[in-house]
file protein_20.txt (compact mmCIF, C-alpha atoms)
# COMPACT_ATOMS: atom_id res chain seq x y z
CA MET A 452 102.96 79.01 91.28
CA LYS A 453 103.22 82.28 93.22
CA LYS A 454 104.92 80.47 96.11
CA LEU A 455 107.49 79.13 93.65
CA ILE A 456 108.07 82.64 92.30
CA TYR A 457 108.60 84.03 95.82
CA LEU A 458 111.01 81.19 96.64
CA LEU A 459 113.02 81.83 93.49
CA LEU A 460 113.08 85.56 94.24
CA ALA A 461 114.26 84.85 97.77
CA LEU A 462 117.05 82.56 96.59
CA THR A 463 118.10 85.17 94.04
CA VAL A 464 118.25 87.87 96.72
CA THR A 465 120.38 85.70 99.01
CA ALA A 466 122.74 84.57 96.26
CA PHE A 467 123.09 88.03 94.78
CA PHE A 468 123.87 89.67 98.10
CA THR A 469 126.51 87.07 98.87
CA ALA A 470 128.07 87.46 95.42
CA CYS A 471 128.03 91.25 95.53
CA LYS A 472 129.79 91.76 98.86
CA SER A 473 132.43 94.39 98.36
CA ASP A 474 135.97 94.32 99.68
CA ASP A 475 135.16 97.79 101.04
CA GLU A 476 132.53 96.43 103.44
CA PRO A 477 133.42 96.49 107.16
CA LYS A 478 135.35 93.40 108.26
CA ASP A 479 132.86 92.77 111.06
CA SER A 480 130.08 93.11 108.49
CA GLN A 481 127.16 91.67 110.49
CA ASN A 482 127.78 93.82 113.57
CA GLU A 483 128.41 96.98 111.56
CA LEU A 484 125.38 96.58 109.30
CA THR A 485 123.01 95.83 112.18
CA LYS A 486 124.40 97.95 114.97
CA ILE A 487 122.01 97.60 117.91
CA ASP A 488 121.53 100.27 120.55
CA LYS A 489 119.02 98.63 122.89
CA LYS A 490 117.20 101.06 125.16
CA ASN A 491 113.69 99.57 125.04
CA ASP A 492 112.02 96.16 124.88
CA THR A 493 110.55 96.86 121.42
CA ALA A 494 112.43 97.32 118.15
CA LEU A 495 110.82 99.17 115.22
CA LEU A 496 112.17 98.13 111.82
CA LEU A 497 111.35 100.41 108.88
CA VAL A 498 111.70 98.57 105.57
CA THR A 499 112.20 100.28 102.22
CA PHE A 500 113.66 99.42 98.82
CA GLY A 501 116.53 101.89 99.28
CA SER A 502 118.26 104.40 97.01
CA THR A 503 121.69 105.39 95.71
CA TYR A 504 120.77 109.09 95.56
CA GLU A 505 121.69 111.47 98.37
CA ALA A 506 118.37 113.33 98.69
CA PRO A 507 116.40 110.15 99.51
CA HIS A 508 118.84 109.41 102.32
CA ALA A 509 117.91 112.75 103.87
CA THR A 510 114.28 111.61 103.57
CA PHE A 511 115.11 108.28 105.22
CA LYS A 512 116.83 110.04 108.13
CA ALA A 513 113.88 112.38 108.57
CA MET A 514 111.49 109.40 108.55
CA VAL A 515 113.51 107.60 111.21
CA SER A 516 113.47 110.73 113.38
CA LYS A 517 109.71 111.15 113.00
CA PHE A 518 109.03 107.50 113.82
CA LYS A 519 111.24 107.84 116.90
CA ALA A 520 109.20 110.84 118.00
CA LYS A 521 105.90 109.06 117.33
CA TYR A 522 106.97 105.80 119.05
CA PRO A 523 109.32 106.91 121.86
CA ASN A 524 109.29 103.51 123.60
CA THR A 525 110.90 101.77 120.63
CA ASP A 526 114.39 101.56 119.15
CA VAL A 527 114.10 102.45 115.45
CA TYR A 528 116.19 100.83 112.70
CA LEU A 529 116.14 101.11 108.89
CA SER A 530 116.44 98.22 106.42
CA PHE A 531 116.86 98.07 102.63
CA THR A 532 115.46 95.20 100.56
CA SER A 533 117.49 95.98 97.43
CA THR A 534 120.89 94.29 97.59
CA THR A 535 122.01 96.16 94.48
CA THR A 536 121.26 99.46 96.19
CA ILE A 537 123.03 98.34 99.36
CA THR A 538 126.16 97.44 97.40
CA ARG A 539 126.22 100.58 95.23
CA TRP A 540 125.51 103.00 98.06
CA GLY A 541 128.12 101.29 100.20
CA ALA A 542 130.76 101.47 97.47
CA LYS A 543 129.95 105.16 97.00
CA THR A 544 129.78 106.28 100.63
CA LYS A 545 131.15 103.42 102.78
CA GLU A 546 127.76 103.41 104.52
CA TYR A 547 126.12 99.99 104.35
CA PHE A 548 122.57 98.93 105.09
CA ALA A 549 121.22 95.48 105.89
CA THR A 550 118.35 93.41 104.56
CA PRO A 551 115.47 92.52 106.94
CA ASP A 552 116.71 88.99 107.67
CA LYS A 553 119.96 90.34 109.10
CA TRP A 554 118.06 92.85 111.24
CA PHE A 555 115.69 90.17 112.52
CA LYS A 556 118.64 88.04 113.57
CA ALA A 557 120.29 90.96 115.37
CA ILE A 558 117.02 92.06 117.00
CA ASN A 559 116.40 88.60 118.42
CA LYS A 560 120.01 88.25 119.57
CA ALA A 561 119.75 91.60 121.38
CA GLY A 562 116.84 90.28 123.43
CA TYR A 563 113.95 92.41 122.17
CA LYS A 564 110.59 91.04 123.33
CA ASN A 565 108.63 92.67 120.51
CA VAL A 566 109.37 93.93 117.01
CA TYR A 567 107.28 96.36 115.00
CA VAL A 568 107.82 96.14 111.24
CA GLN A 569 106.55 98.96 109.04
CA SER A 570 106.61 98.61 105.27
CA LEU A 571 107.55 101.89 103.61
CA HIS A 572 106.41 100.60 100.23
CA VAL A 573 103.68 102.48 98.37
CA ILE A 574 101.66 99.56 96.99
CA PRO A 575 101.31 95.91 98.08
CA GLY A 576 103.45 94.79 95.16
CA GLU A 577 106.54 92.66 94.62
CA GLU A 578 108.80 94.26 97.24
CA PHE A 579 106.09 94.24 99.89
CA ILE A 580 105.23 90.61 99.19
CA MET A 581 108.90 89.68 99.45
CA LEU A 582 108.97 91.31 102.89
CA ARG A 583 105.77 89.60 104.01
CA ASP A 584 106.15 86.13 102.47
CA TYR A 585 109.91 85.64 102.69
CA TYR A 586 111.58 87.78 105.35
CA ILE A 587 108.78 87.87 107.93
CA LYS A 588 107.63 84.33 107.25
CA ASN A 589 111.14 82.96 107.78
CA PHE A 590 111.61 85.02 110.94
CA LYS A 591 108.35 83.59 112.27
CA LYS A 592 109.61 80.05 111.60
CA ASP A 593 112.93 80.77 113.30
CA MET A 594 111.23 82.18 116.41
CA ALA A 595 108.79 79.28 116.58
CA ALA A 596 111.71 76.85 116.48
CA LEU A 597 113.46 78.68 119.31
CA ALA A 598 110.25 78.70 121.33
CA GLU A 599 109.82 74.98 120.84
CA ALA A 600 113.39 74.41 121.99
CA GLY A 601 112.80 76.53 125.08
CA LYS A 602 115.38 79.11 124.04
CA PRO A 603 115.10 82.93 124.41
CA HIS A 604 113.38 84.56 121.45
CA THR A 605 111.46 87.61 120.28
CA GLU A 606 107.88 86.99 121.36
CA LYS A 607 105.70 89.05 119.05
CA LEU A 608 105.85 90.81 115.68
CA TYR A 609 103.47 93.61 114.66
CA PHE A 610 103.36 94.27 110.90
CA GLY A 611 102.18 97.55 109.32
CA MET A 612 100.83 97.57 105.76
CA PRO A 613 102.10 99.66 102.79
CA LEU A 614 100.86 103.18 102.05
CA LEU A 615 98.04 102.40 99.60
CA TYR A 616 96.32 99.40 101.11
CA GLU A 617 92.70 100.25 101.90
CA LYS A 618 90.04 102.67 100.71
CA GLU A 619 90.75 105.21 103.45
CA ASP A 620 94.42 105.24 102.37
CA ILE A 621 93.41 106.24 98.84
CA GLU A 622 91.30 109.03 100.25
CA ALA A 623 93.95 110.26 102.68
CA VAL A 624 96.79 110.26 100.14
CA GLY A 625 94.56 111.63 97.39
CA GLU A 626 93.37 114.47 99.60
CA ALA A 627 96.92 115.32 100.64
CA LEU A 628 98.09 115.45 97.00
CA TYR A 629 95.06 117.49 95.99
CA ASN A 630 95.81 120.07 98.68
CA ILE A 631 99.46 120.27 97.60
CA TYR A 632 98.66 120.84 93.91
CA LYS A 633 95.21 122.45 94.10
CA LYS A 634 96.37 125.87 92.89
CA ASP A 635 98.23 124.34 89.94
CA VAL A 636 95.34 122.30 88.54
CA GLU A 637 92.83 125.08 89.13
CA ALA A 638 95.09 127.38 87.08
CA GLY A 639 95.01 124.91 84.17
CA THR A 640 98.33 123.18 84.80
CA GLY A 641 98.41 119.43 84.46
CA VAL A 642 99.96 117.43 87.32
CA ALA A 643 101.22 113.96 86.42
CA PHE A 644 102.46 111.52 89.06
CA MET A 645 104.96 108.76 88.31
CA GLY A 646 104.37 105.53 90.22
CA HIS A 647 106.63 102.51 89.96
CA GLY A 648 104.27 99.58 89.46
CA ASN A 649 105.00 95.95 88.72
CA PRO A 650 105.05 94.51 85.18
CA GLU A 651 103.67 91.04 86.00
CA ASP A 652 99.95 90.22 85.86
CA SER A 653 100.20 88.65 89.32
CA TYR A 654 100.52 92.15 90.78
CA SER A 655 97.45 93.63 89.09
CA TYR A 656 95.81 94.20 92.48
CA ALA A 657 98.79 96.26 93.63
CA ASN A 658 98.88 98.24 90.38
CA SER A 659 95.18 98.98 90.69
CA LYS A 660 95.98 101.26 93.63
CA TYR A 661 97.37 103.81 91.16
CA HIS A 662 94.08 103.80 89.26
CA GLU A 663 92.21 104.33 92.52
CA VAL A 664 94.32 107.36 93.45
CA GLU A 665 93.96 108.77 89.94
CA ASN A 666 90.18 108.34 90.05
CA TYR A 667 90.04 110.09 93.42
CA LEU A 668 92.11 113.00 92.13
CA LYS A 669 90.19 113.29 88.85
CA ASN A 670 86.95 113.57 90.81
CA LYS A 671 88.54 116.68 92.28
CA ASN A 672 90.00 118.02 89.05
CA LYS A 673 90.47 116.46 85.59
CA ASN A 674 93.98 117.90 85.29
CA PHE A 675 95.46 115.17 87.50
CA PHE A 676 97.15 112.12 85.93
CA VAL A 677 98.82 109.01 87.32
CA ALA A 678 101.00 106.58 85.33
CA THR A 679 103.94 104.28 86.04
CA VAL A 680 107.33 103.15 84.80
CA ASP A 681 106.59 99.41 85.06
CA ALA A 682 102.86 98.55 85.07
CA LEU A 683 102.36 97.62 81.42
CA ASP A 684 98.90 99.15 81.04
CA MET A 685 99.92 102.46 82.67
CA LEU A 686 103.08 103.50 80.85
CA ALA A 687 103.80 106.92 79.39
CA GLY A 688 103.19 105.91 75.77
CA ASN A 689 100.01 103.87 76.13
CA TYR A 690 98.38 105.66 79.05
CA LEU A 691 99.80 108.97 80.28
CA ILE A 692 100.34 110.77 76.99
CA PRO A 693 96.99 109.74 75.40
CA ASN A 694 95.17 110.87 78.54
CA ILE A 695 96.98 114.21 78.64
CA LYS A 696 96.22 114.80 74.95
CA LYS A 697 92.52 114.25 75.61
CA GLN A 698 92.44 116.68 78.50
CA LEU A 699 95.01 119.42 77.87
CA PRO A 700 95.72 121.38 74.69
CA VAL A 701 99.26 121.49 73.35
CA GLY A 702 101.10 124.37 74.96
CA SER A 703 99.69 123.69 78.41
CA SER A 704 102.01 123.65 81.39
CA ILE A 705 102.55 120.29 83.11
CA LYS A 706 104.13 119.48 86.46
CA LEU A 707 105.67 116.08 87.14
CA ALA A 708 106.06 114.46 90.56
CA PRO A 709 106.95 110.99 91.83
CA MET A 710 104.28 108.81 93.43
CA MET A 711 107.05 106.99 95.24
CA SER A 712 108.23 107.22 98.82
CA ILE A 713 111.40 109.03 97.77
CA ALA A 714 112.68 110.94 94.72
CA GLY A 715 115.44 108.63 93.56
CA ASP A 716 116.62 107.14 90.28
CA HIS A 717 113.23 106.97 88.53
CA ALA A 718 112.28 110.51 89.52
CA ASN A 719 115.61 111.98 88.47
CA ASN A 720 116.02 110.02 85.23
CA ASP A 721 112.78 108.47 83.95
CA MET A 722 110.68 111.44 85.00
CA ALA A 723 112.90 114.54 84.93
CA GLY A 724 115.91 113.36 82.90
CA ASP A 725 117.57 115.28 80.06
CA LYS A 726 117.30 114.20 76.43
CA ASP A 727 119.30 111.11 75.51
CA ASP A 728 120.35 111.35 71.85
CA LYS A 729 121.01 107.60 71.75
CA ALA A 730 117.58 106.60 73.07
CA LYS A 731 114.37 106.01 71.12
CA PRO A 732 111.59 108.61 71.47
CA GLU A 733 109.54 106.31 73.72
CA GLU A 734 112.60 105.74 75.93
CA GLN A 735 113.07 109.42 76.74
CA SER A 736 112.07 110.80 80.12
CA TRP A 737 108.51 111.95 80.65
CA ARG A 738 109.73 115.55 80.64
CA ILE A 739 111.33 115.18 77.22
CA GLN A 740 108.48 113.19 75.67
CA LEU A 741 105.89 115.75 76.74
CA SER A 742 108.11 118.71 75.83
CA GLU A 743 108.61 117.37 72.31
CA LEU A 744 104.84 117.12 71.92
CA GLY A 745 104.59 120.83 72.60
CA TYR A 746 103.76 120.89 76.31
CA LYS A 747 105.57 123.21 78.69
CA VAL A 748 107.61 121.03 81.05
CA PRO A 749 110.75 122.95 82.09
CA ILE A 750 113.01 121.28 84.64
CA GLU A 751 111.60 123.52 87.37
CA ASN A 752 108.22 121.85 86.79
CA CYS A 753 109.70 118.55 87.98
CA VAL A 754 109.07 118.15 91.70
CA LEU A 755 111.86 116.06 93.21
CA LYS A 756 110.13 115.27 96.47
CA GLY A 757 108.88 111.84 97.46
CA LEU A 758 105.60 111.04 99.20
CA ALA A 759 107.46 110.49 102.47
CA ASP A 760 108.60 114.12 102.41
CA TYR A 761 105.03 115.19 103.22
CA ASP A 762 103.92 114.76 106.83
CA ALA A 763 100.28 114.33 105.81
CA ILE A 764 101.26 111.27 103.76
CA LEU A 765 103.87 109.93 106.18
CA SER A 766 101.11 109.86 108.79
CA VAL A 767 99.25 107.25 106.70
CA TRP A 768 102.15 104.81 107.10
CA MET A 769 102.09 105.53 110.81
CA LYS A 770 98.36 104.83 110.98
CA HIS A 771 99.03 101.39 109.51
CA LEU A 772 101.51 100.67 112.27
CA ASP A 773 99.07 102.00 114.89
CA ARG A 774 96.47 99.58 113.59
CA ALA A 775 98.94 96.67 113.57
CA ILE A 776 99.78 97.36 117.20
CA LYS A 777 96.13 97.66 118.18
CA GLU A 778 94.52 94.82 116.25
CA ALA A 779 95.23 91.24 117.25
CA GLU A 780 95.02 89.82 113.71
CA ASN A 781 98.20 91.65 112.72
CA ILE A 782 100.18 90.14 115.60
CA LEU A 783 102.39 87.13 114.94
CA GLU A 784 103.05 85.27 118.18
CA PHE A 785 105.97 82.83 118.18
CA GLU A 786 104.69 80.37 120.74

call {"tool": "encode", "arguments": {"input": "protein_20.txt", "output": "structure tokens"}}
result
Amino acid sequence: MKKLIYLLLALTVTAFFTACKSDDEPKDSQNELTKIDKKNDTALLLVTFGSTYEAPHATFKAMVSKFKAKYPNTDVYLSFTSTTTITRWGAKTKEYFATPDKWFKAINKAGYKNVYVQSLHVIPGEEFIMLRDYYIKNFKKDMAALAEAGKPHTEKLYFGMPLLYEKEDIEAVGEALYNIYKKDVEAGTGVAFMGHGNPEDSYSYANSKYHEVENYLKNKNKNFFVATVDALDMLAGNYLIPNIKKQLPVGSSIKLAPMMSIAGDHANNDMAGDKDDKAKPEEQSWRIQLSELGYKVPIENCVLKGLADYDAILSVWMKHLDRAIKEAENILEFE
């Protein structure tokens, strides 16, 4: 059943991207979207959902620069998995990004022997699984076919896992967040993180990573909270607010921060957004819902920085890639 779901998702992505091509896109779309500057034998493809907000694009550029510094013998490229984001950002700025399949095609055509792929997702949820089970799986099939035909092809792919994948990731990210907000929680301020999450039961394992981070943080200080915008058992109304009420008296100060790689749409609107007079109480932003309950959540208490803006957390993604490069089980050989 899951394979059918992934196939349907893949077909939807392909159809949607084709349908949503804008007249403003470059005429030579493929070459412009996947512009290759080959200086090494290894390409490093960073894969993220994407964003239509300007601040996250500064984060993306900083991430690319830091990966280039960490892996100097690679050529680093950035891919978006969200076709909607690609289209909207392109219409807004005339800057277009490409999905992983287009990058894989260009990377192979350019003659790279190896490709490193690093997921910039936070949890091993829907977007990560799409990358692993659709984009990478299809690239593997394509390379195997070329190998069988005796044609030139990329020889190996090394695949790095998402941020919160193993126990040591929970500890590393939890410790980094604790150090960032230690003074706040010790002073009695609540700190609530907004994760994304997936609504379907099939992603319960991925969603459980938020619980693990929250448990780690609460063992440090009870004033930490983690909830999501999509995981149905960790929403603001049924999880965050009841937990805050149990721990903090009305009138307490609360800080809000995204547990996402970047501070994009969800952080700016669902977390820190202004009151919407047309929306139901439960549809208001976290800031408004908590403020109307009597907690102190001024806009300056909303931290619009993503996890990737912190070097201590970015290094966890890099450690995943280091492991993928080092350990044979993460290598996909197309022979």

call {"tool": "residues_near_point", "arguments": {"input": "protein_20.txt", "point": "(106.3, 88.1, 109.2)", "cutoff": "10 Å", "atoms": "all atoms listed in the file", "output": "list in words"}}
result
Val568, Leu582, Arg583, Asp584, Tyr585, Tyr586, Ile587, Lys588, Asn589, Phe590, Lys591, Lys592, Lys607, Leu608, Tyr609, Phe610, Asn781, Ile782, Leu783 and Glu784 of chain A

call {"tool": "residues_around", "arguments": {"input": "protein_20.txt", "residues": "range 751-757 of chain A", "least_positions_apart": "6", "cutoff": "9 Å", "atoms": "only C-alpha atoms", "output": "ChimeraX atom specification"}}
result
/A:506-507,510,704-715,718-719,722-723,738

call {"tool": "closest_residue", "arguments": {"input": "protein_20.txt", "among": "A:Leu484, A:Ala759, A:Val498, A:Ala775", "to": "Gly541 in chain A", "atoms": "only C-alpha atoms"}}
result
A:Leu484

call {"tool": "residues_near_point", "arguments": {"input": "protein_20.txt", "point": "(102.0, 102.9, 110.0)", "cutoff": "8 Å", "atoms": "only C-alpha atoms", "output": "compact mmCIF listing (two decimals) with C-alpha atoms, in the coordinates of the input"}}
result
# COMPACT_ATOMS: atom_id res chain seq x y z
CA GLN A 569 106.55 98.96 109.04
CA SER A 570 106.61 98.61 105.27
CA GLY A 611 102.18 97.55 109.32
CA MET A 612 100.83 97.57 105.76
CA PRO A 613 102.10 99.66 102.79
CA SER A 766 101.11 109.86 108.79
CA VAL A 767 99.25 107.25 106.70
CA TRP A 768 102.15 104.81 107.10
CA MET A 769 102.09 105.53 110.81
CA LYS A 770 98.36 104.83 110.98
CA HIS A 771 99.03 101.39 109.51
CA LEU A 772 101.51 100.67 112.27
CA ASP A 773 99.07 102.00 114.89
CA ARG A 774 96.47 99.58 113.59
CA ALA A 775 98.94 96.67 113.57

call {"tool": "closest_residue", "arguments": {"input": "protein_20.txt", "among": "A:Lys726, A:Ala627, A:Glu483, A:Tyr746", "to": "Lys545 in chain A", "atoms": "all atoms listed in the file"}}
result
A:Glu483

call {"tool": "atom_distance", "arguments": {"input": "protein_20.txt", "atom1": "CA of Tyr504 in chain A", "atom2": "CA of Pro749 in chain A"}}
result
21.8 Å

call {"tool": "residues_around", "arguments": {"input": "protein_20.txt", "residues": "range 665-673 of chain A", "least_positions_apart": "4", "cutoff": "9 Å", "atoms": "all atoms listed in the file", "output": "number ranges by chain"}}
result
A: 621-622, 625-626, 628-629, 633, 636-637, 641, 644, 660-661, 677-678, 698

call {"tool": "write_last_selection", "arguments": {"input": "protein_20.txt", "atoms": "C-alpha atoms", "output": "PDB file, in the frame of the given file"}}
result
ATOM      1  CA  ILE A 621      93.410 106.240  98.840  1.00  0.00           C
ATOM      2  CA  GLU A 622      91.300 109.030 100.250  1.00  0.00           C
ATOM      3  CA  GLY A 625      94.560 111.630  97.390  1.00  0.00           C
ATOM      4  CA  GLU A 626      93.370 114.470  99.600  1.00  0.00           C
ATOM      5  CA  LEU A 628      98.090 115.450  97.000  1.00  0.00           C
ATOM      6  CA  TYR A 629      95.060 117.490  95.990  1.00  0.00           C
ATOM      7  CA  LYS A 633      95.210 122.450  94.100  1.00  0.00           C
ATOM      8  CA  VAL A 636      95.340 122.300  88.540  1.00  0.00           C
ATOM      9  CA  GLU A 637      92.830 125.080  89.130  1.00  0.00           C
ATOM     10  CA  GLY A 641      98.410 119.430  84.460  1.00  0.00           C
ATOM     11  CA  PHE A 644     102.460 111.520  89.060  1.00  0.00           C
ATOM     12  CA  LYS A 660      95.980 101.260  93.630  1.00  0.00           C
ATOM     13  CA  TYR A 661      97.370 103.810  91.160  1.00  0.00           C
ATOM     14  CA  VAL A 677      98.820 109.010  87.320  1.00  0.00           C
ATOM     15  CA  ALA A 678     101.000 106.580  85.330  1.00  0.00           C
ATOM     16  CA  GLN A 698      92.440 116.680  78.500  1.00  0.00           C
TER      17      GLN A 698
END

call {"tool": "closest_residue", "arguments": {"input": "protein_20.txt", "among": "A:Pro551, A:Gly501, A:Pro575, A:Gly724", "to": "Asn649 in chain A", "atoms": "all atoms listed in the file"}}
result
A:Pro575

call {"tool": "atom_distance", "arguments": {"input": "protein_20.txt", "atom1": "CA of Asp681 in chain A", "atom2": "CA of Leu529 in chain A"}}
result
25.7 Å

call {"tool": "closest_residue", "arguments": {"input": "protein_20.txt", "among": "A:Phe676, A:Phe511, A:Tyr563, A:Trp540", "to": "Thr525 in chain A", "atoms": "all atoms listed in the file"}}
result
A:Tyr563
